[in-house]
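**Student:** Sharing entry14.pdb (PDB, C-alpha atoms and all ligand atoms) below.
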```
ATOM      1  CA  MET A   1       0.000   0.000   0.000
ATOM      2  CA  THR A   2       1.373   3.404  -0.860
ATOM      3  CA  LYS A   3       0.316   6.474   1.066
ATOM      4  CA  GLN A   4      -1.042   9.562  -0.762
ATOM      5  CA  ILE A   5       1.192  12.412   0.338
ATOM      6  CA  GLN A   6       1.566  16.184   0.046
ATOM      7  CA  ILE A   7       4.825  17.516  -1.429
ATOM      8  CA  ALA A   8       5.834  21.145  -0.803
ATOM      9  CA  ILE A   9       8.579  22.713  -2.938
ATOM     10  CA  ASP A  10       9.841  26.181  -2.046
ATOM     11  CA  GLY A  11      12.787  28.314  -3.038
ATOM     12  CA  PRO A  12      13.876  31.526  -4.743
ATOM     13  CA  ALA A  13      13.098  32.607  -8.329
ATOM     14  CA  ALA A  14      14.113  30.313 -11.203
ATOM     15  CA  ALA A  15      15.585  27.600  -8.957
ATOM     16  CA  GLY A  16      13.770  24.952 -11.018
ATOM     17  CA  LYS A  17      10.819  24.465  -8.669
ATOM     18  CA  SER A  18       7.995  24.374 -11.196
ATOM     19  CA  THR A  19       9.873  22.203 -13.724
ATOM     20  CA  ILE A  20      10.600  19.608 -11.050
ATOM     21  CA  ALA A  21       7.213  19.895  -9.329
ATOM     22  CA  LYS A  22       5.402  19.346 -12.641
ATOM     23  CA  LYS A  23       7.577  16.343 -13.456
ATOM     24  CA  ALA A  24       7.127  14.752 -10.031
ATOM     25  CA  ALA A  25       3.356  15.278 -10.228
ATOM     26  CA  GLU A  26       3.251  13.597 -13.646
ATOM     27  CA  LEU A  27       5.298  10.625 -12.487
ATOM     28  CA  LEU A  28       3.175  10.170  -9.360
ATOM     29  CA  GLY A  29      -0.186  10.936 -11.011
ATOM     30  CA  TYR A  30      -0.622  13.824  -8.542
ATOM     31  CA  THR A  31      -2.119  17.294  -8.986
ATOM     32  CA  TYR A  32       0.405  20.060  -9.584
ATOM     33  CA  VAL A  33      -0.294  23.512  -8.129
ATOM     34  CA  ASP A  34       1.902  26.447  -9.215
ATOM     35  CA  THR A  35       1.117  29.048  -6.531
ATOM     36  CA  GLY A  36       3.386  31.633  -8.200
ATOM     37  CA  ALA A  37       1.000  31.584 -11.172
ATOM     38  CA  MET A  38      -1.830  32.564  -8.797
ATOM     39  CA  TYR A  39       0.092  35.606  -7.506
ATOM     40  CA  ARG A  40       1.034  36.451 -11.099
ATOM     41  CA  ALA A  41      -2.611  36.204 -12.232
ATOM     42  CA  ILE A  42      -3.908  38.661  -9.620
ATOM     43  CA  THR A  43      -0.998  41.005 -10.406
ATOM     44  CA  TYR A  44      -1.946  40.892 -14.096
ATOM     45  CA  LYS A  45      -5.536  41.806 -13.225
ATOM     46  CA  ALA A  46      -4.381  44.613 -10.895
ATOM     47  CA  ILE A  47      -2.275  46.110 -13.708
ATOM     48  CA  LYS A  48      -5.238  45.890 -16.137
ATOM     49  CA  SER A  49      -7.506  47.486 -13.497
ATOM     50  CA  ASN A  50      -5.009  50.302 -12.794
ATOM     51  CA  ILE A  51      -4.830  49.490  -9.090
ATOM     52  CA  ASP A  52      -1.989  50.892  -7.006
ATOM     53  CA  MET A  53       0.304  47.997  -6.028
ATOM     54  CA  GLN A  54       0.561  49.449  -2.506
ATOM     55  CA  ASP A  55      -3.222  49.522  -1.951
ATOM     56  CA  GLU A  56      -3.700  46.399   0.159
ATOM     57  CA  ASP A  57      -7.484  46.778   0.636
ATOM     58  CA  LYS A  58      -8.210  47.263  -3.053
ATOM     59  CA  LEU A  59      -5.941  44.377  -4.063
ATOM     60  CA  THR A  60      -7.442  42.030  -1.464
ATOM     61  CA  ASN A  61     -10.996  42.942  -2.500
ATOM     62  CA  LEU A  62     -10.028  42.449  -6.139
ATOM     63  CA  LEU A  63      -8.729  38.959  -5.329
ATOM     64  CA  LYS A  64     -11.873  38.070  -3.377
ATOM     65  CA  GLU A  65     -14.005  38.711  -6.467
ATOM     66  CA  THR A  66     -11.602  36.946  -8.856
ATOM     67  CA  SER A  67     -11.557  33.350  -9.971
ATOM     68  CA  ILE A  68      -8.128  31.818 -10.645
ATOM     69  CA  GLU A  69      -8.040  28.280 -12.016
ATOM     70  CA  LEU A  70      -5.086  26.052 -12.828
ATOM     71  CA  LYS A  71      -5.789  23.345 -15.408
ATOM     72  CA  PRO A  72      -3.364  20.625 -16.477
ATOM     73  CA  SER A  73      -2.703  20.126 -20.206
ATOM     74  CA  PRO A  74      -0.118  18.136 -22.224
ATOM     75  CA  GLU A  75       1.821  21.396 -22.854
ATOM     76  CA  GLY A  76       1.913  22.242 -19.143
ATOM     77  CA  GLN A  77      -0.349  23.949 -16.676
ATOM     78  CA  ARG A  78      -2.811  26.496 -18.119
ATOM     79  CA  VAL A  79      -3.917  29.473 -16.054
ATOM     80  CA  PHE A  80      -7.412  30.975 -16.217
ATOM     81  CA  LEU A  81      -8.378  34.340 -14.741
ATOM     82  CA  ASP A  82     -12.161  34.854 -14.555
ATOM     83  CA  ASN A  83     -12.476  32.070 -17.178
ATOM     84  CA  GLN A  84     -10.061  33.738 -19.631
ATOM     85  CA  GLU A  85      -6.749  32.042 -20.385
ATOM     86  CA  VAL A  86      -3.727  34.126 -19.250
ATOM     87  CA  THR A  87      -1.007  31.419 -19.245
ATOM     88  CA  GLU A  88       1.456  33.462 -21.349
ATOM     89  CA  GLU A  89       0.377  36.966 -20.281
ATOM     90  CA  ILE A  90       1.282  36.385 -16.622
ATOM     91  CA  ARG A  91       4.952  35.739 -17.554
ATOM     92  CA  SER A  92       5.446  39.248 -19.008
ATOM     93  CA  LYS A  93       8.177  41.552 -17.688
ATOM     94  CA  GLU A  94       5.511  43.952 -16.429
ATOM     95  CA  VAL A  95       3.877  41.286 -14.245
ATOM     96  CA  THR A  96       7.268  39.977 -13.074
ATOM     97  CA  ALA A  97       8.295  43.496 -12.007
ATOM     98  CA  SER A  98       5.192  43.985  -9.805
ATOM     99  CA  VAL A  99       4.322  40.530  -8.476
ATOM    100  CA  SER A 100       6.497  40.686  -5.341
ATOM    101  CA  LEU A 101       4.877  44.005  -4.349
ATOM    102  CA  VAL A 102       1.408  42.475  -4.606
ATOM    103  CA  ALA A 103       2.504  39.283  -2.851
ATOM    104  CA  ALA A 104       3.861  41.230   0.134
ATOM    105  CA  HIS A 105       0.374  42.176   1.410
ATOM    106  CA  ALA A 106      -0.640  40.117   4.457
ATOM    107  CA  GLU A 107      -4.421  40.217   3.885
ATOM    108  CA  LEU A 108      -4.098  39.255   0.242
ATOM    109  CA  ARG A 109      -1.818  36.367   1.219
ATOM    110  CA  GLU A 110      -4.375  35.181   3.761
ATOM    111  CA  GLU A 111      -6.944  34.771   0.979
ATOM    112  CA  MET A 112      -4.397  33.070  -1.330
ATOM    113  CA  VAL A 113      -3.259  30.675   1.390
ATOM    114  CA  ARG A 114      -6.908  29.835   2.204
ATOM    115  CA  ARG A 115      -7.469  28.841  -1.444
ATOM    116  CA  GLN A 116      -4.220  26.875  -1.635
ATOM    117  CA  VAL A 117      -4.904  24.958   1.584
ATOM    118  CA  GLU A 118      -8.261  23.970   0.060
ATOM    119  CA  MET A 119      -6.561  22.847  -3.187
ATOM    120  CA  GLY A 120      -4.106  20.663  -1.294
ATOM    121  CA  LYS A 121      -6.306  19.261   1.476
ATOM    122  CA  ASN A 122      -6.987  15.869  -0.120
ATOM    123  CA  GLY A 123      -3.305  15.071  -0.599
ATOM    124  CA  SER A 124      -1.807  13.595  -3.798
ATOM    125  CA  VAL A 125      -0.517  17.066  -4.544
ATOM    126  CA  VAL A 126       2.774  18.716  -5.460
ATOM    127  CA  MET A 127       2.679  22.444  -4.745
ATOM    128  CA  ASP A 128       5.469  24.938  -5.389
ATOM    129  CA  GLY A 129       6.005  28.518  -4.239
ATOM    130  CA  ARG A 130       7.702  30.477  -1.481
ATOM    131  CA  ASP A 131       5.712  29.651   1.689
ATOM    132  CA  ILE A 132       4.236  26.231   0.950
ATOM    133  CA  GLY A 133       6.171  24.341   3.628
ATOM    134  CA  THR A 134       5.797  27.130   6.183
ATOM    135  CA  SER A 135       2.198  28.405   5.655
ATOM    136  CA  VAL A 136       0.205  26.286   3.197
ATOM    137  CA  LEU A 137       1.005  22.554   3.473
ATOM    138  CA  THR A 138       2.472  22.810   6.950
ATOM    139  CA  ASN A 139       2.060  19.063   7.562
ATOM    140  CA  ALA A 140       3.385  17.961   4.159
ATOM    141  CA  GLU A 141       5.138  14.586   4.335
ATOM    142  CA  LEU A 142       7.879  15.908   2.040
ATOM    143  CA  LYS A 143       9.201  19.471   2.077
ATOM    144  CA  ILE A 144      11.951  20.570  -0.300
ATOM    145  CA  PHE A 145      13.797  23.874  -0.357
ATOM    146  CA  MET A 146      15.512  24.281  -3.707
ATOM    147  CA  SER A 147      18.082  26.870  -4.716
ATOM    148  CA  ALA A 148      20.934  27.568  -7.150
ATOM    149  CA  SER A 149      23.428  30.389  -7.682
ATOM    150  CA  VAL A 150      21.947  33.666  -8.938
ATOM    151  CA  GLU A 151      23.998  33.466 -12.154
ATOM    152  CA  GLU A 152      22.807  29.941 -12.927
ATOM    153  CA  ARG A 153      19.192  30.906 -12.212
ATOM    154  CA  ALA A 154      19.475  33.982 -14.462
ATOM    155  CA  LYS A 155      20.978  31.839 -17.264
ATOM    156  CA  ARG A 156      18.088  29.392 -16.980
ATOM    157  CA  ARG A 157      15.517  32.197 -17.067
ATOM    158  CA  LEU A 158      17.310  33.750 -20.059
ATOM    159  CA  SER A 159      16.944  30.638 -22.183
ATOM    160  CA  GLU A 160      13.358  30.197 -21.017
ATOM    161  CA  ASN A 161      12.548  33.819 -21.981
ATOM    162  CA  LYS A 162      14.165  33.294 -25.405
ATOM    163  CA  LYS A 163      11.805  30.375 -26.018
ATOM    164  CA  ARG A 164       8.841  32.529 -24.984
ATOM    165  CA  GLY A 165       9.980  35.386 -27.256
ATOM    166  CA  ILE A 166      10.703  37.723 -24.314
ATOM    167  CA  HIS A 167      13.876  39.793 -24.884
ATOM    168  CA  SER A 168      16.111  40.209 -21.834
ATOM    169  CA  SER A 169      19.793  40.279 -20.880
ATOM    170  CA  LEU A 170      21.650  38.217 -18.293
ATOM    171  CA  GLU A 171      22.430  41.354 -16.238
ATOM    172  CA  GLU A 172      18.787  42.447 -16.261
ATOM    173  CA  LEU A 173      17.653  38.999 -15.142
ATOM    174  CA  MET A 174      20.252  38.780 -12.371
ATOM    175  CA  TYR A 175      19.054  42.165 -11.110
ATOM    176  CA  ASP A 176      15.388  41.112 -11.269
ATOM    177  CA  ILE A 177      16.011  37.787  -9.542
ATOM    178  CA  GLU A 178      18.066  39.337  -6.726
ATOM    179  CA  LEU A 179      15.513  42.082  -6.164
ATOM    180  CA  ARG A 180      12.586  39.629  -6.050
ATOM    181  CA  ASP A 181      14.479  37.284  -3.721
ATOM    182  CA  LYS A 182      15.140  40.232  -1.406
ATOM    183  CA  LEU A 183      11.518  41.421  -1.414
ATOM    184  CA  ASP A 184      10.223  37.870  -0.942
ATOM    185  CA  SER A 185      12.654  37.061   1.884
ATOM    186  CA  GLU A 186      12.325  40.327   3.777
ATOM    187  CA  ARG A 187       8.549  40.803   3.779
ATOM    188  CA  GLU A 188       6.759  40.311   7.090
ATOM    189  CA  ALA A 189       3.908  38.134   5.829
ATOM    190  CA  SER A 190       5.020  34.535   5.221
ATOM    191  CA  PRO A 191       8.451  35.366   3.831
ATOM    192  CA  LEU A 192      10.563  33.072   1.685
ATOM    193  CA  VAL A 193      12.353  30.974   4.274
ATOM    194  CA  GLN A 194      13.308  27.326   4.508
ATOM    195  CA  ALA A 195      10.931  25.343   6.744
ATOM    196  CA  GLU A 196      12.722  23.665   9.653
ATOM    197  CA  ASP A 197      11.764  20.231   8.371
ATOM    198  CA  ALA A 198      12.575  20.905   4.702
ATOM    199  CA  ILE A 199      15.371  19.184   2.797
ATOM    200  CA  PHE A 200      17.734  21.592   1.024
ATOM    201  CA  ILE A 201      18.780  20.854  -2.570
ATOM    202  CA  ASP A 202      21.322  23.011  -4.414
ATOM    203  CA  THR A 203      20.522  22.533  -8.108
ATOM    204  CA  THR A 204      23.342  24.745  -9.491
ATOM    205  CA  SER A 205      25.218  21.870 -11.081
ATOM    206  CA  LEU A 206      22.381  19.355 -11.318
ATOM    207  CA  THR A 207      20.341  18.531 -14.404
ATOM    208  CA  ILE A 208      16.553  18.435 -14.290
ATOM    209  CA  ASP A 209      16.686  14.620 -14.343
ATOM    210  CA  GLU A 210      19.143  14.490 -11.447
ATOM    211  CA  VAL A 211      16.972  16.733  -9.268
ATOM    212  CA  SER A 212      13.865  14.840 -10.271
ATOM    213  CA  GLU A 213      15.514  11.510  -9.358
ATOM    214  CA  LYS A 214      16.427  12.808  -5.888
ATOM    215  CA  ILE A 215      12.896  14.021  -5.257
ATOM    216  CA  MET A 216      11.240  10.851  -6.529
ATOM    217  CA  LYS A 217      13.458   8.806  -4.213
ATOM    218  CA  LEU A 218      12.474  10.934  -1.215
ATOM    219  CA  ALA A 219       8.792  10.858  -2.209
ATOM    220  CA  LYS A 220       8.789   7.060  -2.508
ATOM    221  CA  GLU A 221      10.354   6.761   0.956
ATOM    222  CA  ARG A 222       7.605   8.968   2.398
ATOM    223  CA  MET A 223       4.882   7.071   0.532
ATOM    224  CA  ALA A 224       6.010   3.640   1.742
TER     225      ALA A 224
HETATM  226  O1  LIG A 301       8.789  31.339 -11.511
HETATM  227  P1  LIG A 301       9.378  32.470 -10.731
HETATM  228  O2  LIG A 301      10.401  31.988  -9.787
HETATM  229  O3  LIG A 301       9.786  33.629 -11.539
HETATM  230  O4  LIG A 301       8.256  33.050  -9.773
HETATM  231  P2  LIG A 301       6.855  32.468  -9.399
HETATM  232  O5  LIG A 301       6.990  31.178  -8.707
HETATM  233  O6  LIG A 301       5.994  32.543 -10.594
HETATM  234  O7  LIG A 301       6.376  33.532  -8.312
HETATM  235  C1  LIG A 301       6.227  34.899  -8.643
HETATM  236  C2  LIG A 301       6.196  35.701  -7.360
HETATM  237  O8  LIG A 301       5.018  35.377  -6.627
HETATM  238  C3  LIG A 301       7.337  35.493  -6.388
HETATM  239  O9  LIG A 301       8.489  36.278  -6.684
HETATM  240  C4  LIG A 301       6.699  35.894  -5.059
HETATM  241  O10 LIG A 301       6.708  37.299  -4.884
HETATM  242  C5  LIG A 301       5.250  35.460  -5.244
HETATM  243  N1  LIG A 301       4.936  34.183  -4.586
HETATM  244  C6  LIG A 301       4.710  34.195  -3.222
HETATM  245  O11 LIG A 301       4.859  35.234  -2.579
HETATM  246  N2  LIG A 301       4.320  33.049  -2.589
HETATM  247  C7  LIG A 301       4.169  31.916  -3.259
HETATM  248  N3  LIG A 301       3.746  30.819  -2.606
HETATM  249  C8  LIG A 301       4.426  31.876  -4.649
HETATM  250  C9  LIG A 301       4.831  33.029  -5.282
HETATM  251  O1  LIG A 302       9.781  27.513 -10.793
HETATM  252  P1  LIG A 302      11.105  28.196 -10.744
HETATM  253  O2  LIG A 302      11.006  29.643 -10.989
HETATM  254  O3  LIG A 302      11.875  27.872  -9.509
HETATM  255  O4  LIG A 302      12.000  27.617 -11.905
HETATM  256  P2  LIG A 302      11.589  26.903 -13.277
HETATM  257  O5  LIG A 302      10.710  27.812 -14.041
HETATM  258  O6  LIG A 302      11.130  25.528 -13.021
HETATM  259  O7  LIG A 302      13.010  26.741 -13.969
HETATM  260  C1  LIG A 302      13.634  27.769 -14.701
HETATM  261  C2  LIG A 302      14.343  27.175 -15.891
HETATM  262  O8  LIG A 302      15.466  26.426 -15.453
HETATM  263  C3  LIG A 302      13.486  26.219 -16.719
HETATM  264  O9  LIG A 302      13.578  26.607 -18.072
HETATM  265  C4  LIG A 302      14.128  24.858 -16.515
HETATM  266  O10 LIG A 302      14.093  24.070 -17.685
HETATM  267  C5  LIG A 302      15.545  25.194 -16.125
HETATM  268  N1  LIG A 302      16.154  24.223 -15.195
HETATM  269  C6  LIG A 302      17.408  23.737 -15.463
HETATM  270  O11 LIG A 302      17.971  24.084 -16.484
HETATM  271  N2  LIG A 302      18.032  22.843 -14.606
HETATM  272  C7  LIG A 302      17.439  22.460 -13.482
HETATM  273  N3  LIG A 302      18.066  21.619 -12.651
HETATM  274  C8  LIG A 302      16.154  22.987 -13.192
HETATM  275  C9  LIG A 302      15.547  23.876 -14.080
END
```
Taking this structure as input, can you express it in the form of structure tokens?
Ligand code: CDP
Ligand code: CDP
**Tutor:**
Amino acid sequence: MTKQIQIAIDGPAAAGKSTIAKKAAELLGYTYVDTGAMYRAITYKAIKSNIDMQDEDKLTNLLKETSIELKPSPEGQRVFLDNQEVTEEIRSKEVTASVSLVAAHAELREEMVRRQVEMGKNGSVVMDGRDIGTSVLTNAELKIFMSASVEERAKRRLSENKKRGIHSSLEELMYDIELRDKLDSEREASPLVQAEDAIFIDTTSLTIDEVSEKIMKLAKERMA
């Protein structure tokens, strides 16, 4: 008999969390939840609605009246905002530049965490983000904290952006990644921090398959 578990994957920007989380979910037949996409989706709507990124009340109310759905597809997870697909739009530079400001608001996070707890409550889930092990799936059987050097993470994001047709330079991406890591780690509301019971994996010199192998081994141990 194998146990149905919850897997929480946290870490800084472009560490490889979503690639690995998606792969592990596929291999295990679990649901994958990209919580960063949820913060990106509400940021996209806030930009479209001309809302000040510092206005916590307006942003929280906006979220409360917004539906955000994550749907699996063979090409990867698709993101729907009020029933409209925004999978590509939420990866724009504009959204990336504002998302950490929106995500810093405590009340807005409360509503996000409430939704994410609900999404993960039945187990058989792999969820990635910044506060999954510390605030969302606090009893997850497997918690991973993944990181890599800033330069390596910027290089990875650069080639990903190229594929998406987004023009950027390595310097610009290193700046963006460092700034977001700082904002995410220093905010008061559920900051980016390794959970005490999380396992740390440095992916700087590891391939996607190597990281995936490590995580599958740990998951199988927890499921036994
Ligand atoms: O993929 P990338 O590392 O660029 O970021 P993401 O996972 O899409 O998350 C975008 C932003 O959302 C992060 O920089 C955080 O500000 C925020 N976020 C958060 O605060 N908590 C989460 N659980 C997930 C994302
Ligand atoms: O979700 P997060 O922002 O942590 O990172 P990601 O979007 O999964 O990964 C960023 C890029 O790094 C993707 O294009 C992956 O293919 C790549 N990657 C890699 O080259 N080597 C790894 N060990 C992990 C990810």
**Student:** Using all atoms listed in the file, which protein or nucleic acid residues are at most 7 Å from ligand LIG 302 (chain A), as a list in words?
**Tutor:**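 With all atoms listed in the file and a cut-off of 7 Å, ligand LIG 302 (chain A) is contacted by Gly11, Pro12, Ala13, Ala14, Ala15, Gly16, Lys17, Ser18, Thr19, Ile20, Arg153, Arg156, Arg157, Ser159, Glu160, Thr203, Thr204, Leu206, Thr207, Ile208 and Val211 of chain A.
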**Student:** Run the PyMOL selection byres (((chain A and resi 34-37) around 8) and not hetatm) on the file and write out the hits as a list of chain:residue names.
**Tutor:**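 With the PyMOL selection byres (((chain A and resi 34-37) around 8) and not hetatm) on this model, the match is A:Ser18, A:Tyr32, A:Val33, A:Met38, A:Tyr39, A:Arg40, A:Ala41, A:Leu70, A:Val79, A:Ile90, A:Gln116, A:Met127, A:Asp128, A:Gly129.
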**Student:** Those same residues - C-alpha atoms - I'd like them written as a compact mmCIF listing (two decimals), in the coordinates of the input.
**Tutor:**
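Written out: out-v3.txt:
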```
# COMPACT_ATOMS: atom_id res chain seq x y z
CA SER A 18 8.00 24.37 -11.20
CA TYR A 32 0.40 20.06 -9.58
CA VAL A 33 -0.29 23.51 -8.13
CA MET A 38 -1.83 32.56 -8.80
CA TYR A 39 0.09 35.61 -7.51
CA ARG A 40 1.03 36.45 -11.10
CA ALA A 41 -2.61 36.20 -12.23
CA LEU A 70 -5.09 26.05 -12.83
CA VAL A 79 -3.92 29.47 -16.05
CA ILE A 90 1.28 36.38 -16.62
CA GLN A 116 -4.22 26.88 -1.64
CA MET A 127 2.68 22.44 -4.74
CA ASP A 128 5.47 24.94 -5.39
CA GLY A 129 6.00 28.52 -4.24
```
**Student:** Can you tell me how far atom CA of A:Thr60 sits from atom CA of A:Leu108, in Å to one decimal?
**Tutor:** 4.7 Å
**Student:** Which value, in Å to one decimal, gives the distance between atom CA of A:Ala198 and atom CA of A:Asp10?
**Tutor:**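 Between these atoms lies a distance of 9.0 Å.
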**Student:** Choose the residue, out of A:Val117, A:Ala103, A:Pro74, A:Ser168, that has the smallest atom-to-atom separation from ligand LIG 301 (chain A); count all atoms listed in the file.
**Tutor:**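 Of all the options, A:Ala103 lies closest to ligand LIG 301 (chain A).
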**Student:** Please determine, counting only C-alpha atoms, which residue among A:Ala25, A:Asn61, A:Leu192, A:Arg109 has the shortest atom-to-atom distance to A:Thr134.
**Tutor:**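 With only C-alpha atoms as the atom set, the closest residue is A:Leu192.
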**Student:** Just give me the residues with any atom within 6 Å of (12.3, 18.5, 5.2), file coordinates, counting all atoms listed in the file, written as a short mmCIF file (atom, residue, chain, number, x, y, z; two decimals) with C-alpha atoms, keeping the file's coordinate frame.
**Tutor:**
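Okay, this is what ended up in out_38.cif:
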```cif
data_model
loop_
_atom_site.label_atom_id
_atom_site.label_comp_id
_atom_site.auth_asym_id
_atom_site.auth_seq_id
_atom_site.Cartn_x
_atom_site.Cartn_y
_atom_site.Cartn_z
CA LYS A 143 9.20 19.47 2.08
CA ILE A 144 11.95 20.57 -0.30
CA ASP A 197 11.76 20.23 8.37
CA ALA A 198 12.58 20.90 4.70
CA ILE A 199 15.37 19.18 2.80
#
```
**Student:** When the PyMOL selection byres (((chain A and resi 100) around 7) and not hetatm) is applied to the structure above, which residues does it catch, written out as a count of residues only?
**Tutor:** 9
**Student:** Once the PyMOL selection byres (((chain A and resi 66) around 9) and not hetatm) has been evaluated on this model, what residues remain selected, and can you format them as a list in words?
**Tutor:**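 Applying the PyMOL selection byres (((chain A and resi 66) around 9) and not hetatm) to the structure shown produces Ile42, Lys45, Asn61, Leu62, Leu63, Lys64, Glu65, Ser67, Ile68, Leu81 and Asp82 of chain A.
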**Student:** Applying 9 Å and only C-alpha atoms, which residues near A:Glu88 remain after dropping the ones on its own chain fewer than 2 positions away? List them as a list in words.
**Tutor:**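 Listed by chain and then number, they are Arg78, Val79, Glu85, Val86, Ile90, Arg91, Ser92 and Arg164 of chain A.
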**Student:** Write a file of the just-selected residues containing C-alpha atoms, as an mmCIF file, keeping the file's coordinate frame.
**Tutor:**
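Below is the file that was written, selection.cif:
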```cif
data_model
loop_
_atom_site.group_PDB
_atom_site.id
_atom_site.type_symbol
_atom_site.label_atom_id
_atom_site.label_comp_id
_atom_site.auth_asym_id
_atom_site.auth_seq_id
_atom_site.Cartn_x
_atom_site.Cartn_y
_atom_site.Cartn_z
ATOM 1 C CA ARG A 78 -2.811 26.496 -18.119
ATOM 2 C CA VAL A 79 -3.917 29.473 -16.054
ATOM 3 C CA GLU A 85 -6.749 32.042 -20.385
ATOM 4 C CA VAL A 86 -3.727 34.126 -19.250
ATOM 5 C CA ILE A 90 1.282 36.385 -16.622
ATOM 6 C CA ARG A 91 4.952 35.739 -17.554
ATOM 7 C CA SER A 92 5.446 39.248 -19.008
ATOM 8 C CA ARG A 164 8.841 32.529 -24.984
#
```
**Student:** Centre and edge lengths of an axis-aligned box around all listed atoms of ligand LIG 301 (chain A), with 6 Å added on each side, are to be given in Å to one decimal, as JSON.
**Tutor:**
```
{"center_x": 7.1, "center_y": 34.1, "center_z": -7.1, "size_x": 18.7, "size_y": 18.5, "size_z": 21.0}
```
**Student:** When you write stretch 135-162 of chain A out from the block above, keep C-alpha atoms and present the result as an mmCIF file, in the first residue's frame, please.
**Tutor:**
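New file selection_35.cif:
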```
data_model
loop_
_atom_site.group_PDB
_atom_site.id
_atom_site.type_symbol
_atom_site.label_atom_id
_atom_site.label_comp_id
_atom_site.auth_asym_id
_atom_site.auth_seq_id
_atom_site.Cartn_x
_atom_site.Cartn_y
_atom_site.Cartn_z
ATOM 1 C CA SER A 135 2.198 28.405 5.655
ATOM 2 C CA VAL A 136 0.205 26.286 3.197
ATOM 3 C CA LEU A 137 1.005 22.554 3.473
ATOM 4 C CA THR A 138 2.472 22.810 6.950
ATOM 5 C CA ASN A 139 2.060 19.063 7.562
ATOM 6 C CA ALA A 140 3.385 17.961 4.159
ATOM 7 C CA GLU A 141 5.138 14.586 4.335
ATOM 8 C CA LEU A 142 7.879 15.908 2.040
ATOM 9 C CA LYS A 143 9.201 19.471 2.077
ATOM 10 C CA ILE A 144 11.951 20.570 -0.300
ATOM 11 C CA PHE A 145 13.797 23.874 -0.357
ATOM 12 C CA MET A 146 15.512 24.281 -3.707
ATOM 13 C CA SER A 147 18.082 26.870 -4.716
ATOM 14 C CA ALA A 148 20.934 27.568 -7.150
ATOM 15 C CA SER A 149 23.428 30.389 -7.682
ATOM 16 C CA VAL A 150 21.947 33.666 -8.938
ATOM 17 C CA GLU A 151 23.998 33.466 -12.154
ATOM 18 C CA GLU A 152 22.807 29.941 -12.927
ATOM 19 C CA ARG A 153 19.192 30.906 -12.212
ATOM 20 C CA ALA A 154 19.475 33.982 -14.462
ATOM 21 C CA LYS A 155 20.978 31.839 -17.264
ATOM 22 C CA ARG A 156 18.088 29.392 -16.980
ATOM 23 C CA ARG A 157 15.517 32.197 -17.067
ATOM 24 C CA LEU A 158 17.310 33.750 -20.059
ATOM 25 C CA SER A 159 16.944 30.638 -22.183
ATOM 26 C CA GLU A 160 13.358 30.197 -21.017
ATOM 27 C CA ASN A 161 12.548 33.819 -21.981
ATOM 28 C CA LYS A 162 14.165 33.294 -25.405
#
```
